[in-house]
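> Got a structure for you, structure_24.csv, holding CSV, C-alpha atoms.
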chain,number,residue,atom,x,y,z
A,1,MET,CA,-101.2,-60.7,9.8
A,2,SER,CA,-99.7,-59.3,6.6
A,3,HIS,CA,-101.2,-60.0,3.2
A,4,PRO,CA,-99.4,-62.6,1.1
A,5,LEU,CA,-97.4,-61.5,-2.0
A,6,PRO,CA,-99.9,-61.0,-4.8
A,7,LEU,CA,-98.3,-63.5,-7.2
A,8,ASP,CA,-97.8,-66.3,-4.7
A,9,GLY,CA,-98.8,-69.6,-6.4
A,10,ILE,CA,-98.1,-68.3,-9.9
A,11,THR,CA,-95.4,-70.2,-11.9
A,12,VAL,CA,-93.5,-68.6,-14.7
A,13,VAL,CA,-91.3,-70.3,-17.2
A,14,ALA,CA,-88.9,-68.1,-19.1
A,15,VAL,CA,-86.6,-68.8,-22.1
A,16,GLU,CA,-84.8,-65.5,-21.7
A,17,GLN,CA,-81.6,-63.7,-22.1
A,18,ALA,CA,-80.0,-60.2,-21.8
A,19,VAL,CA,-82.3,-57.6,-20.1
A,20,SER,CA,-85.8,-57.2,-21.5
A,21,ALA,CA,-87.3,-60.6,-20.5
A,22,PRO,CA,-85.2,-61.2,-17.4
A,23,PHE,CA,-86.0,-57.8,-16.0
A,24,ALA,CA,-89.8,-58.4,-16.6
A,25,THR,CA,-89.7,-61.8,-14.9
A,26,ARG,CA,-87.7,-60.5,-12.0
A,27,GLN,CA,-90.6,-58.1,-11.2
A,28,LEU,CA,-92.8,-61.2,-11.2
A,29,ALA,CA,-90.4,-63.0,-8.9
A,30,ASP,CA,-90.2,-60.0,-6.5
A,31,LEU,CA,-94.0,-60.1,-6.2
A,32,GLY,CA,-94.0,-63.8,-5.2
A,33,ALA,CA,-94.1,-65.7,-8.5
A,34,ARG,CA,-92.0,-68.8,-8.9
A,35,VAL,CA,-89.8,-68.1,-12.0
A,36,ILE,CA,-88.0,-71.0,-13.7
A,37,LYS,CA,-85.3,-69.6,-16.0
A,38,ILE,CA,-84.3,-71.8,-19.0
A,39,GLU,CA,-80.6,-71.3,-19.9
A,40,ARG,CA,-78.2,-72.9,-22.4
A,41,PRO,CA,-75.9,-75.5,-20.9
A,42,ASP,CA,-72.9,-73.9,-22.6
A,43,GLY,CA,-72.7,-70.7,-20.6
A,44,GLY,CA,-76.3,-69.9,-20.0
A,45,ASP,CA,-77.9,-66.5,-20.4
A,46,PHE,CA,-75.1,-64.5,-22.3
A,47,ALA,CA,-75.7,-61.6,-19.8
A,48,ARG,CA,-73.7,-63.8,-17.3
A,49,GLY,CA,-70.6,-62.8,-19.3
A,50,TYR,CA,-71.1,-59.1,-19.7
A,51,ASP,CA,-68.8,-58.1,-16.9
A,52,THR,CA,-67.4,-59.2,-13.6
A,53,ALA,CA,-68.2,-56.1,-11.6
A,54,ALA,CA,-70.4,-57.7,-8.9
A,55,ARG,CA,-67.6,-59.5,-7.1
A,56,GLY,CA,-67.0,-61.7,-10.1
A,57,LEU,CA,-70.6,-61.9,-11.4
A,58,ALA,CA,-72.1,-59.7,-14.1
A,59,SER,CA,-73.9,-56.6,-12.9
A,60,HIS,CA,-76.6,-56.9,-15.5
A,61,PHE,CA,-77.3,-60.5,-14.5
A,62,VAL,CA,-77.3,-59.8,-10.8
A,63,TRP,CA,-79.8,-56.9,-11.4
A,64,CYS,CA,-82.2,-58.9,-13.5
A,65,ASN,CA,-82.2,-62.4,-12.2
A,66,ARG,CA,-82.6,-62.6,-8.4
A,67,GLY,CA,-85.2,-64.9,-7.0
A,68,LYS,CA,-85.2,-67.4,-10.0
A,69,GLU,CA,-84.5,-71.1,-10.4
A,70,SER,CA,-82.0,-71.9,-13.2
A,71,ILE,CA,-82.2,-75.0,-15.3
A,72,ALA,CA,-79.7,-75.5,-18.1
A,73,VAL,CA,-81.3,-77.3,-21.1
A,74,ASP,CA,-80.3,-77.7,-24.7
A,75,LEU,CA,-83.4,-76.7,-26.7
A,76,LYS,CA,-82.0,-78.0,-29.9
A,77,ASP,CA,-82.1,-81.5,-28.5
A,78,PRO,CA,-85.6,-83.1,-28.7
A,79,ARG,CA,-85.1,-84.4,-25.1
A,80,GLY,CA,-84.3,-80.9,-23.8
A,81,LEU,CA,-87.2,-79.3,-25.7
A,82,GLU,CA,-89.6,-81.9,-24.2
A,83,ILE,CA,-88.4,-81.0,-20.7
A,84,VAL,CA,-89.3,-77.4,-21.4
A,85,ARG,CA,-92.7,-78.4,-22.8
A,86,GLN,CA,-93.4,-80.3,-19.6
A,87,LEU,CA,-92.5,-77.3,-17.5
A,88,VAL,CA,-94.7,-75.0,-19.6
A,89,ALA,CA,-97.6,-77.5,-19.2
A,90,GLU,CA,-97.6,-76.8,-15.5
A,91,ALA,CA,-97.0,-73.0,-15.7
A,92,ASP,CA,-99.3,-70.0,-15.6
A,93,VAL,CA,-97.0,-67.7,-17.6
A,94,PHE,CA,-94.4,-68.3,-20.3
A,95,VAL,CA,-92.0,-65.5,-21.4
A,96,GLN,CA,-89.5,-65.6,-24.2
A,97,ASN,CA,-87.3,-63.1,-26.0
A,98,LEU,CA,-85.4,-65.3,-28.4
A,99,ALA,CA,-84.4,-63.9,-31.9
A,100,GLN,CA,-87.5,-63.3,-34.1
A,101,GLY,CA,-88.7,-66.7,-35.5
A,102,ALA,CA,-86.6,-68.9,-33.1
A,103,ALA,CA,-89.4,-69.6,-30.7
A,104,ALA,CA,-91.8,-70.5,-33.5
A,105,ARG,CA,-89.4,-73.0,-34.9
A,106,LEU,CA,-89.2,-74.6,-31.5
A,107,GLY,CA,-93.0,-74.5,-31.0
A,108,LEU,CA,-92.5,-72.1,-28.1
A,109,ASP,CA,-94.2,-69.0,-29.6
A,110,ALA,CA,-97.2,-67.6,-27.8
A,111,ALA,CA,-99.8,-68.6,-30.4
A,112,THR,CA,-98.7,-72.2,-30.4
A,113,LEU,CA,-98.5,-72.5,-26.6
A,114,CYS,CA,-101.8,-70.8,-25.9
A,115,ALA,CA,-103.5,-73.1,-28.4
A,116,ALA,CA,-102.2,-76.1,-26.5
A,117,HIS,CA,-102.8,-74.6,-23.0
A,118,PRO,CA,-105.8,-72.3,-22.9
A,119,ARG,CA,-105.1,-71.0,-19.4
A,120,LEU,CA,-101.5,-70.1,-20.2
A,121,ILE,CA,-100.4,-66.5,-20.6
A,122,ALA,CA,-97.6,-66.5,-23.1
A,123,VAL,CA,-95.4,-63.4,-23.7
A,124,ASP,CA,-93.4,-62.8,-26.9
A,125,ILE,CA,-90.9,-59.9,-26.5
A,126,SER,CA,-89.3,-58.8,-29.7
A,127,GLY,CA,-87.3,-55.9,-31.1
A,128,TYR,CA,-89.7,-54.7,-33.7
A,129,GLY,CA,-92.8,-56.9,-33.6
A,130,ALA,CA,-93.8,-60.1,-35.5
A,131,GLU,CA,-94.7,-58.4,-38.8
A,132,GLY,CA,-93.4,-55.6,-40.9
A,133,PRO,CA,-90.2,-54.8,-42.7
A,134,TYR,CA,-88.2,-54.7,-39.5
A,135,ALA,CA,-89.6,-57.9,-38.0
A,136,HIS,CA,-86.4,-59.9,-38.5
A,137,LYS,CA,-83.9,-57.1,-38.0
A,138,ARG,CA,-81.5,-57.6,-35.1
A,139,ALA,CA,-82.5,-55.5,-32.1
A,140,TYR,CA,-80.2,-54.5,-29.3
A,141,ASP,CA,-80.9,-51.7,-26.9
A,142,MET,CA,-78.8,-49.0,-28.4
A,143,LEU,CA,-80.0,-49.8,-31.9
A,144,VAL,CA,-83.6,-49.5,-30.8
A,145,GLN,CA,-82.8,-46.2,-28.9
A,146,CYS,CA,-81.6,-44.9,-32.3
A,147,GLU,CA,-84.6,-46.2,-34.3
A,148,ALA,CA,-87.1,-44.8,-31.7
A,149,GLY,CA,-85.5,-41.4,-31.9
A,150,LEU,CA,-84.3,-41.3,-28.2
A,151,VAL,CA,-80.7,-40.6,-29.2
A,152,SER,CA,-81.8,-37.7,-31.4
A,153,VAL,CA,-83.2,-35.8,-28.4
A,154,THR,CA,-80.6,-36.8,-25.9
A,155,GLY,CA,-77.2,-35.0,-25.6
A,156,THR,CA,-76.0,-31.6,-26.4
A,157,GLU,CA,-76.7,-29.3,-29.4
A,158,GLU,CA,-73.5,-30.6,-31.0
A,159,GLN,CA,-73.6,-34.3,-30.1
A,160,PRO,CA,-76.4,-36.8,-29.7
A,161,VAL,CA,-75.8,-39.5,-27.1
A,162,LYS,CA,-77.5,-42.7,-26.0
A,163,ALA,CA,-79.2,-42.9,-22.6
A,164,GLY,CA,-76.9,-44.1,-19.9
A,165,ILE,CA,-79.3,-47.0,-19.1
A,166,PRO,CA,-80.8,-49.7,-21.4
A,167,ALA,CA,-83.9,-47.7,-21.9
A,168,ALA,CA,-85.4,-49.8,-24.7
A,169,ASP,CA,-84.9,-53.0,-22.8
A,170,ILE,CA,-86.4,-51.5,-19.6
A,171,ALA,CA,-89.4,-50.1,-21.5
A,172,ALA,CA,-90.2,-53.5,-23.1
A,173,ALA,CA,-89.7,-55.2,-19.7
A,174,MET,CA,-92.1,-53.0,-17.9
A,175,TYR,CA,-94.8,-53.4,-20.6
A,176,ALA,CA,-94.3,-57.1,-20.5
A,177,PHE,CA,-94.6,-57.1,-16.7
A,178,SER,CA,-97.8,-55.0,-16.8
A,179,GLY,CA,-99.1,-57.1,-19.7
A,180,VAL,CA,-98.8,-60.2,-17.6
A,181,LEU,CA,-100.5,-58.6,-14.7
A,182,ALA,CA,-103.4,-57.5,-16.9
A,183,ALA,CA,-103.7,-60.9,-18.5
A,184,LEU,CA,-103.7,-62.6,-15.1
A,185,LEU,CA,-106.5,-60.3,-14.0
A,186,ARG,CA,-108.5,-61.1,-17.2
A,187,ARG,CA,-107.9,-64.8,-16.7
A,188,GLY,CA,-109.3,-64.4,-13.2
A,189,THR,CA,-112.6,-63.3,-14.6
A,190,THR,CA,-112.7,-65.3,-17.9
A,191,GLY,CA,-110.7,-68.3,-17.1
A,192,ALA,CA,-108.7,-67.9,-20.3
A,193,GLY,CA,-105.1,-66.9,-20.8
A,194,GLY,CA,-103.7,-65.8,-24.1
A,195,PRO,CA,-100.8,-64.3,-25.9
A,196,VAL,CA,-99.1,-61.0,-24.9
A,197,GLU,CA,-96.9,-59.2,-27.5
A,198,VAL,CA,-94.4,-56.5,-26.6
A,199,SER,CA,-91.8,-54.9,-28.9
A,200,MET,CA,-88.9,-52.8,-27.8
A,201,LEU,CA,-89.5,-50.2,-30.6
A,202,GLU,CA,-93.2,-49.7,-29.7
A,203,SER,CA,-92.4,-49.6,-26.0
A,204,LEU,CA,-89.7,-46.9,-26.4
A,205,ALA,CA,-91.8,-45.0,-29.0
A,206,GLU,CA,-94.5,-44.7,-26.3
A,207,TRP,CA,-91.9,-43.3,-23.9
A,208,MET,CA,-91.0,-40.7,-26.6
A,209,GLY,CA,-94.4,-39.2,-26.1
A,210,HIS,CA,-93.5,-35.6,-25.3
A,211,PRO,CA,-90.9,-35.0,-28.0
A,212,LEU,CA,-92.9,-37.1,-30.5
A,213,HIS,CA,-96.1,-35.1,-30.0
A,214,TYR,CA,-94.1,-31.8,-29.8
A,215,GLY,CA,-92.5,-32.6,-33.2
A,216,MET,CA,-95.5,-34.0,-34.9
A,217,HIS,CA,-97.8,-31.2,-33.9
A,218,GLY,CA,-95.4,-28.3,-33.6
A,219,GLY,CA,-93.4,-29.1,-36.7
A,220,GLU,CA,-90.0,-29.4,-35.1
A,221,ALA,CA,-88.6,-31.7,-32.4
A,222,PRO,CA,-87.3,-30.1,-29.2
A,223,ALA,CA,-83.6,-29.2,-29.4
A,224,ARG,CA,-81.0,-31.2,-27.6
A,225,THR,CA,-79.9,-29.1,-24.6
A,226,GLY,CA,-77.8,-31.4,-22.5
A,227,VAL,CA,-79.0,-31.4,-18.9
A,228,ALA,CA,-81.2,-28.3,-19.6
A,229,HIS,CA,-84.8,-28.5,-20.4
A,230,ALA,CA,-85.6,-27.7,-24.0
A,231,VAL,CA,-88.6,-25.4,-23.4
A,232,ILE,CA,-88.3,-24.3,-19.7
A,233,SER,CA,-85.7,-21.9,-18.4
A,234,PRO,CA,-83.9,-21.9,-16.0
A,235,TYR,CA,-84.0,-25.7,-15.7
A,236,ASP,CA,-80.4,-26.8,-15.8
A,237,ALA,CA,-77.4,-27.9,-13.6
A,238,TYR,CA,-75.0,-25.2,-12.4
A,239,PRO,CA,-71.6,-25.5,-10.7
A,240,THR,CA,-71.2,-24.6,-7.1
A,241,ALA,CA,-68.2,-23.2,-5.2
A,242,ASP,CA,-67.1,-26.6,-3.8
A,243,GLY,CA,-67.1,-28.5,-7.1
A,244,GLY,CA,-70.6,-29.9,-7.0
A,245,GLN,CA,-73.5,-29.2,-9.3
A,246,VAL,CA,-77.0,-28.3,-8.4
A,247,LEU,CA,-79.9,-28.6,-10.8
A,248,LEU,CA,-82.8,-26.2,-10.3
A,249,SER,CA,-86.2,-25.9,-12.0
A,250,VAL,CA,-88.3,-22.8,-12.3
A,251,GLN,CA,-91.8,-23.8,-13.4
A,252,ASN,CA,-93.5,-20.4,-13.5
A,253,ASP,CA,-92.9,-16.7,-13.4
A,254,ARG,CA,-93.8,-16.4,-9.7
A,255,GLU,CA,-91.0,-18.8,-8.9
A,256,TRP,CA,-88.6,-16.8,-11.1
A,257,ARG,CA,-89.3,-13.7,-9.0
A,258,ARG,CA,-88.6,-15.6,-5.8
A,259,LEU,CA,-85.4,-17.0,-7.3
A,260,ALA,CA,-84.3,-13.5,-8.4
A,261,ASP,CA,-85.0,-12.0,-5.0
A,262,GLN,CA,-84.1,-14.7,-2.5
A,263,VAL,CA,-81.3,-16.6,-4.2
A,264,LEU,CA,-79.8,-14.5,-6.9
A,265,GLY,CA,-80.0,-11.3,-4.8
A,266,ARG,CA,-81.2,-9.4,-7.8
A,267,PRO,CA,-84.9,-8.7,-7.3
A,268,GLU,CA,-85.0,-6.3,-10.2
A,269,LEU,CA,-84.7,-9.3,-12.6
A,270,GLY,CA,-88.1,-10.5,-11.5
A,271,ASP,CA,-89.8,-7.9,-13.8
A,272,ASP,CA,-87.1,-7.3,-16.3
A,273,PRO,CA,-88.6,-8.0,-19.8
A,274,VAL,CA,-85.6,-10.1,-20.7
A,275,PHE,CA,-86.4,-12.5,-17.9
A,276,ALA,CA,-90.0,-11.9,-16.7
A,277,THR,CA,-91.7,-14.8,-18.6
A,278,ASN,CA,-90.6,-18.3,-19.4
A,279,THR,CA,-90.9,-17.4,-23.1
A,280,ALA,CA,-88.5,-14.6,-22.6
A,281,ARG,CA,-86.1,-16.6,-20.4
A,282,THR,CA,-86.0,-19.4,-23.0
A,283,ALA,CA,-85.4,-17.0,-25.8
A,284,ASN,CA,-82.6,-15.4,-23.7
A,285,ARG,CA,-81.3,-18.7,-22.3
A,286,GLU,CA,-77.6,-17.7,-22.3
A,287,LYS,CA,-78.3,-14.6,-20.3
A,288,THR,CA,-80.6,-16.5,-17.9
A,289,ASP,CA,-78.1,-19.2,-17.4
A,290,ALA,CA,-75.3,-16.7,-16.9
A,291,VAL,CA,-77.1,-14.8,-14.0
A,292,VAL,CA,-78.1,-18.0,-12.3
A,293,ALA,CA,-74.6,-19.6,-12.7
A,294,GLU,CA,-72.9,-16.5,-11.3
A,295,ALA,CA,-75.0,-16.6,-8.1
A,296,LEU,CA,-74.6,-20.3,-7.5
A,297,ALA,CA,-70.9,-20.3,-8.2
A,298,ARG,CA,-70.5,-18.2,-5.0
A,299,LEU,CA,-72.3,-20.8,-2.9
A,300,GLY,CA,-71.3,-24.3,-1.7
A,301,THR,CA,-73.6,-27.1,-2.7
A,302,ASP,CA,-75.3,-27.5,0.7
A,303,GLU,CA,-75.9,-23.7,1.0
A,304,ALA,CA,-77.2,-23.5,-2.6
A,305,ILE,CA,-79.7,-26.3,-1.9
A,306,ALA,CA,-80.7,-24.7,1.4
A,307,ARG,CA,-81.4,-21.3,-0.2
A,308,LEU,CA,-83.3,-22.8,-3.1
A,309,GLU,CA,-85.5,-24.9,-0.8
A,310,ALA,CA,-86.1,-21.9,1.5
A,311,ALA,CA,-87.3,-20.0,-1.6
A,312,GLY,CA,-89.5,-22.8,-2.7
A,313,ILE,CA,-87.5,-23.6,-5.9
A,314,ALA,CA,-87.3,-27.2,-6.9
A,315,CYS,CA,-83.7,-28.4,-6.9
A,316,ALA,CA,-81.5,-31.5,-6.8
A,317,ARG,CA,-77.9,-32.5,-6.5
A,318,LEU,CA,-76.3,-33.9,-9.6
A,319,ASN,CA,-75.3,-37.2,-8.0
A,320,SER,CA,-72.8,-39.8,-9.1
A,321,VAL,CA,-73.6,-43.5,-9.1
A,322,ARG,CA,-71.7,-43.7,-5.8
A,323,ASP,CA,-73.8,-40.9,-4.3
A,324,VAL,CA,-77.0,-42.8,-5.2
A,325,ALA,CA,-75.6,-46.0,-3.5
A,326,GLY,CA,-75.4,-43.9,-0.3
A,327,HIS,CA,-78.4,-41.7,-0.9
A,328,PRO,CA,-79.8,-40.5,2.5
A,329,GLN,CA,-83.5,-40.9,1.3
A,330,LEU,CA,-83.0,-44.5,0.3
A,331,ALA,CA,-81.3,-45.2,3.6
A,332,ALA,CA,-84.0,-43.4,5.6
A,333,ARG,CA,-86.7,-45.4,3.9
A,334,ASP,CA,-84.8,-48.6,4.5
A,335,ARG,CA,-84.8,-49.6,0.8
A,336,TRP,CA,-81.6,-51.7,0.8
A,337,ARG,CA,-81.5,-55.4,1.4
A,338,GLU,CA,-79.0,-58.2,0.8
A,339,VAL,CA,-79.6,-61.0,-1.7
A,340,ASP,CA,-77.7,-64.3,-1.7
A,341,SER,CA,-75.6,-65.3,-4.8
A,342,PRO,CA,-72.9,-67.8,-5.8
A,343,VAL,CA,-70.3,-65.3,-4.5
A,344,GLY,CA,-72.2,-64.4,-1.2
A,345,PRO,CA,-74.5,-61.6,-0.2
A,346,LEU,CA,-74.9,-58.7,-2.5
A,347,ARG,CA,-76.6,-55.3,-1.9
A,348,ALA,CA,-79.9,-54.7,-3.8
A,349,LEU,CA,-82.7,-52.3,-3.8
A,350,LEU,CA,-86.2,-53.3,-2.8
A,351,PRO,CA,-88.5,-53.0,-5.9
A,352,PRO,CA,-90.3,-49.6,-6.1
A,353,ILE,CA,-93.8,-51.2,-5.8
A,354,THR,CA,-94.6,-51.1,-2.1
A,355,LEU,CA,-97.7,-52.8,-0.7
A,356,PRO,CA,-98.2,-51.5,2.8
A,357,GLY,CA,-99.6,-54.1,5.1
A,358,GLY,CA,-98.4,-56.9,2.8
A,359,THR,CA,-95.5,-59.2,2.9
A,360,GLU,CA,-92.2,-57.6,1.8
A,361,ALA,CA,-91.0,-58.3,-1.8
A,362,ARG,CA,-89.4,-61.7,-2.2
A,363,MET,CA,-85.8,-60.9,-3.0
A,364,GLY,CA,-84.4,-64.4,-3.6
A,365,ALA,CA,-80.9,-65.5,-4.5
A,366,VAL,CA,-79.2,-64.9,-7.8
A,367,PRO,CA,-78.9,-68.5,-9.2
A,368,ALA,CA,-75.8,-70.2,-10.5
A,369,LEU,CA,-76.1,-71.7,-14.0
A,370,GLY,CA,-78.1,-74.9,-13.7
A,371,GLU,CA,-78.4,-74.7,-9.9
A,372,HIS,CA,-81.9,-76.2,-9.9
A,373,THR,CA,-81.6,-78.6,-12.9
A,374,ASP,CA,-81.6,-81.8,-10.8
A,375,ALA,CA,-84.5,-80.7,-8.5
A,376,LEU,CA,-86.7,-79.6,-11.4
A,377,LEU,CA,-86.1,-82.8,-13.4
A,378,SER,CA,-86.8,-84.8,-10.3
A,379,ALA,CA,-90.1,-82.9,-9.9
A,380,LEU,CA,-91.0,-83.9,-13.4
A,381,GLY,CA,-90.5,-87.6,-12.6
A,382,MET,CA,-86.9,-88.0,-14.0
A,383,THR,CA,-84.8,-90.6,-12.2
A,384,ASP,CA,-81.3,-89.9,-11.0
A,385,GLU,CA,-80.1,-92.3,-13.7
A,386,GLY,CA,-82.1,-90.4,-16.4
A,387,THR,CA,-80.7,-87.1,-15.3
A,388,ALA,CA,-77.2,-88.4,-15.3
A,389,ALA,CA,-77.6,-89.7,-18.8
A,390,LEU,CA,-78.9,-86.3,-20.0
A,391,ARG,CA,-76.0,-84.7,-18.4
A,392,ARG,CA,-73.5,-87.0,-20.0
A,393,ASP,CA,-75.1,-86.2,-23.4
A,394,GLY,CA,-74.9,-82.5,-22.8
A,395,VAL,CA,-78.7,-82.1,-22.9
A,396,VAL,CA,-78.7,-80.5,-19.4
A,397,ALA,CA,-76.2,-79.0,-17.1
Can you turn what I pasted into structure tokens?


Amino acid sequence: MSHPLPLDGITVVAVEQAVSAPFATRQLADLGARVIKIERPDGGDFARGYDTAARGLASHFVWCNRGKESIAVDLKDPRGLEIVRQLVAEADVFVQNLAQGAAARLGLDAATLCAAHPRLIAVDISGYGAEGPYAHKRAYDMLVQCEAGLVSVTGTEEQPVKAGIPAADIAAAMYAFSGVLAALLRRGTTGAGGPVEVSMLESLAEWMGHPLHYGMHGGEAPARTGVAHAVISPYDAYPTADGGQVLLSVQNDREWRRLADQVLGRPELGDDPVFATNTARTANREKTDAVVAEALARLGTDEAIARLEAAGIACARLNSVRDVAGHPQLAARDRWREVDSPVGPLRALLPPITLPGGTEARMGAVPALGEHTDALLSALGMTDEGTAALRRDGVVA
């Protein structure tokens, strides 16, 4: 028999929107938790409207919200707020990422809820934290990427660029996820829940560890070098004869000698003072890149990969998003599944946490707005007439 999912029996209530909180609670849902998503009646989580790329649904929403139950409730109406409070009273975990101060005004901040429900784990996700001069500053992913310095170290020498994924949102989501797991473990030994605080700035600043420490202790941040590594050479992407690009990484001087001999066909470069050490190769980056680029430009992508691998040089194809969707390694490891949605089955990746011998991740359906409103209200004891009256008044949808 396989082991059950580790969060079976855990109920999560989330007043969430965009990416950071929804991505965190989706991890909990994948591991077996029941996640009840509170949405606005007038359109729901605004990420539902970001695009229509997923067969009419928003790609962000599909990515972050599978396996949840959606109830549409107006939190500004006392009757709607009371519904949420009843749901929270029966929950193990509450997560919110409303604008700073909004949850407190509703009495849904972690401190208030944990005081009322000692076993509850309540997570506040914010842009910059609850105190300090930035506490009430609006925080979107790209803004936080700039504040955390990520943009300053990403891009080319001439042009800084943002990360191509919502790095600040994802960082906060993963620390919220791990914070919930840690708090559940603590509750298992102490019986007490408690608040969990996560900010996007602090999460992404932690991920800035290498350039941050390099700059603080070395006096100067690493230079922006595009795809190339700032302090290792050669470590870059090079064009191949068939229009592809191959990235290779030489981590030590022994590897450089093998590259020079077995791939570049120029063994004399192995001991040439211009190239013999990483310090020399980095100082002479243009010359290093030129000799590597010249050799790879004569090879097709497959041949270049084969030669590099035969020489024991780490390498990779510079794949497009389409290439990743058809990646042979993901296919070989059977990582793709289909999840249901209001527009039918959609392809989705299994979560990267694999528990061998356990039940496979619960990849539930992407919910329609308010799809579970009636069932959840009924479970709280609401009559059909009461639900209909709330719906007529716009309190629920």

> Please provide as number ranges by chain all residues within 10 Å of Gly101 of chain A, with the sequence filter that same-chain residues fewer than 5 positions apart are discarded (counting all atoms listed in the file).

A: 106-109, 126, 130, 135-136

> Can you work out which one of A:Gly80, A:Gln17, A:Ala58, A:Ala139 has the shortest atom-to-atom distance to Asn97 of chain A, counting only C-alpha atoms?

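Going through A:Gly80, A:Gln17, A:Ala58, A:Ala139 one by one, the smallest distance to Asn97 of chain A is for A:Gln17.
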
> Between atom CA of Gly191 of chain A and atom CA of Ala89 of chain A, what is the spacing in Å?

16.1 Å

> Pick from A:Gly44, A:Leu355, A:Arg79, A:Arg317: nearest to Ala389 of chain A, with only C-alpha atoms counted?

A:Arg79

> Skip segment 338-345 of chain A itself and residues of its chain fewer than 2 positions away, then list as a list in words all residues within 10 Å of it, counting all atoms listed in the file.

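Returned residues: Ala54, Arg55, Gly56, Leu57, Val62, Arg66, Gly67, Trp336, Arg347, Ala348, Leu349, Leu350, Arg362, Met363, Gly364, Ala365, Val366, Pro367, Ala368, Leu369 and Glu371 of chain A.
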
> Suppose we keep C-alpha atoms; can you now write the selection as a PDB file, keeping the file's coordinate frame?


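So the final result, stored in out.pdb, reads:
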ATOM      1  CA  ALA A  54     -70.400 -57.700  -8.900  1.00  0.00           C
ATOM      2  CA  ARG A  55     -67.600 -59.500  -7.100  1.00  0.00           C
ATOM      3  CA  GLY A  56     -67.000 -61.700 -10.100  1.00  0.00           C
ATOM      4  CA  LEU A  57     -70.600 -61.900 -11.400  1.00  0.00           C
ATOM      5  CA  VAL A  62     -77.300 -59.800 -10.800  1.00  0.00           C
ATOM      6  CA  ARG A  66     -82.600 -62.600  -8.400  1.00  0.00           C
ATOM      7  CA  GLY A  67     -85.200 -64.900  -7.000  1.00  0.00           C
ATOM      8  CA  TRP A 336     -81.600 -51.700   0.800  1.00  0.00           C
ATOM      9  CA  ARG A 347     -76.600 -55.300  -1.900  1.00  0.00           C
ATOM     10  CA  ALA A 348     -79.900 -54.700  -3.800  1.00  0.00           C
ATOM     11  CA  LEU A 349     -82.700 -52.300  -3.800  1.00  0.00           C
ATOM     12  CA  LEU A 350     -86.200 -53.300  -2.800  1.00  0.00           C
ATOM     13  CA  ARG A 362     -89.400 -61.700  -2.200  1.00  0.00           C
ATOM     14  CA  MET A 363     -85.800 -60.900  -3.000  1.00  0.00           C
ATOM     15  CA  GLY A 364     -84.400 -64.400  -3.600  1.00  0.00           C
ATOM     16  CA  ALA A 365     -80.900 -65.500  -4.500  1.00  0.00           C
ATOM     17  CA  VAL A 366     -79.200 -64.900  -7.800  1.00  0.00           C
ATOM     18  CA  PRO A 367     -78.900 -68.500  -9.200  1.00  0.00           C
ATOM     19  CA  ALA A 368     -75.800 -70.200 -10.500  1.00  0.00           C
ATOM     20  CA  LEU A 369     -76.100 -71.700 -14.000  1.00  0.00           C
ATOM     21  CA  GLU A 371     -78.400 -74.700  -9.900  1.00  0.00           C
TER      22      GLU A 371
END

> Report the distance between atom CA of Gly265 of chain A and atom CA of Ile305 of chain A in Å, rounded to one decimal place.

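Spanning atom CA of Gly265 of chain A to atom CA of Ile305 of chain A is a straight-line distance of 15.3 Å.
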
> Hey, could you make a per-residue contact list for segment 184-246 of chain A against segment 155-174 of chain A with 7 Å as the cut-off, showing the nearest pair of atoms and its distance in Å to one decimal, counting all atoms listed in the file, sorted by chain and number, as JSON lines?


{"residue": "A:Val198", "atom": "CA", "partner": "A:Ala172", "partner_atom": "CA", "distance": 6.2}
{"residue": "A:Ser199", "atom": "CA", "partner": "A:Ala172", "partner_atom": "CA", "distance": 6.2}
{"residue": "A:Met200", "atom": "CA", "partner": "A:Ala172", "partner_atom": "CA", "distance": 4.9}
{"residue": "A:Ser203", "atom": "CA", "partner": "A:Ala172", "partner_atom": "CA", "distance": 5.3}
{"residue": "A:Leu204", "atom": "CA", "partner": "A:Ala168", "partner_atom": "CA", "distance": 5.5}
{"residue": "A:Ala223", "atom": "CA", "partner": "A:Glu157", "partner_atom": "CA", "distance": 6.9}
{"residue": "A:Arg224", "atom": "CA", "partner": "A:Glu157", "partner_atom": "CA", "distance": 5.0}
{"residue": "A:Thr225", "atom": "CA", "partner": "A:Thr156", "partner_atom": "CA", "distance": 5.0}
{"residue": "A:Gly226", "atom": "CA", "partner": "A:Thr156", "partner_atom": "CA", "distance": 4.3}

> Enter the distance from atom CA of Asn284 of chain A to atom CA of Ser233 of chain A, in Å, rounded to one decimal.

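If I compute the distance from atom CA of Asn284 of chain A to atom CA of Ser233 of chain A, I get 8.9 Å.
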
> Find, counting only C-alpha atoms, the residue in A:Gly188, A:Pro78, A:Pro239, A:Gly215 that gets nearest to Val396 of chain A.

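Selected residue with least distance to Val396 of chain A: A:Pro78.
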
> Write out as a PyMOL selection string which residues come within 6 Å of Asp8 of chain A when counting all atoms listed in the file, dropping same-chain ones fewer than 2 positions away.

chain A and resi 5-6+10+32-33

> As lines of an AutoDock Vina configuration file, please: the centre and edge lengths in Å, to one decimal, of an axis-aligned box enclosing every listed atom of segment 80-99 of chain A with 5 Å added on each side.


center_x = -91.8
center_y = -72.5
center_z = -23.7
size_x = 25.0
size_y = 28.8
size_z = 26.4

> Let me make sure I understand: among A:Ala297, A:Thr190, A:Lys287, A:Gly270, which one has the smallest atom-to-atom distance to Ala237 of chain A if we use all atoms listed in the file?

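Among the listed residues, the smallest separation from Ala237 of chain A belongs to A:Ala297.
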
> When you count all atoms listed in the file, which of these residues is closest to Leu377 of chain A: A:Val73, A:Leu248, A:Cys64, A:Ala24?

A:Val73
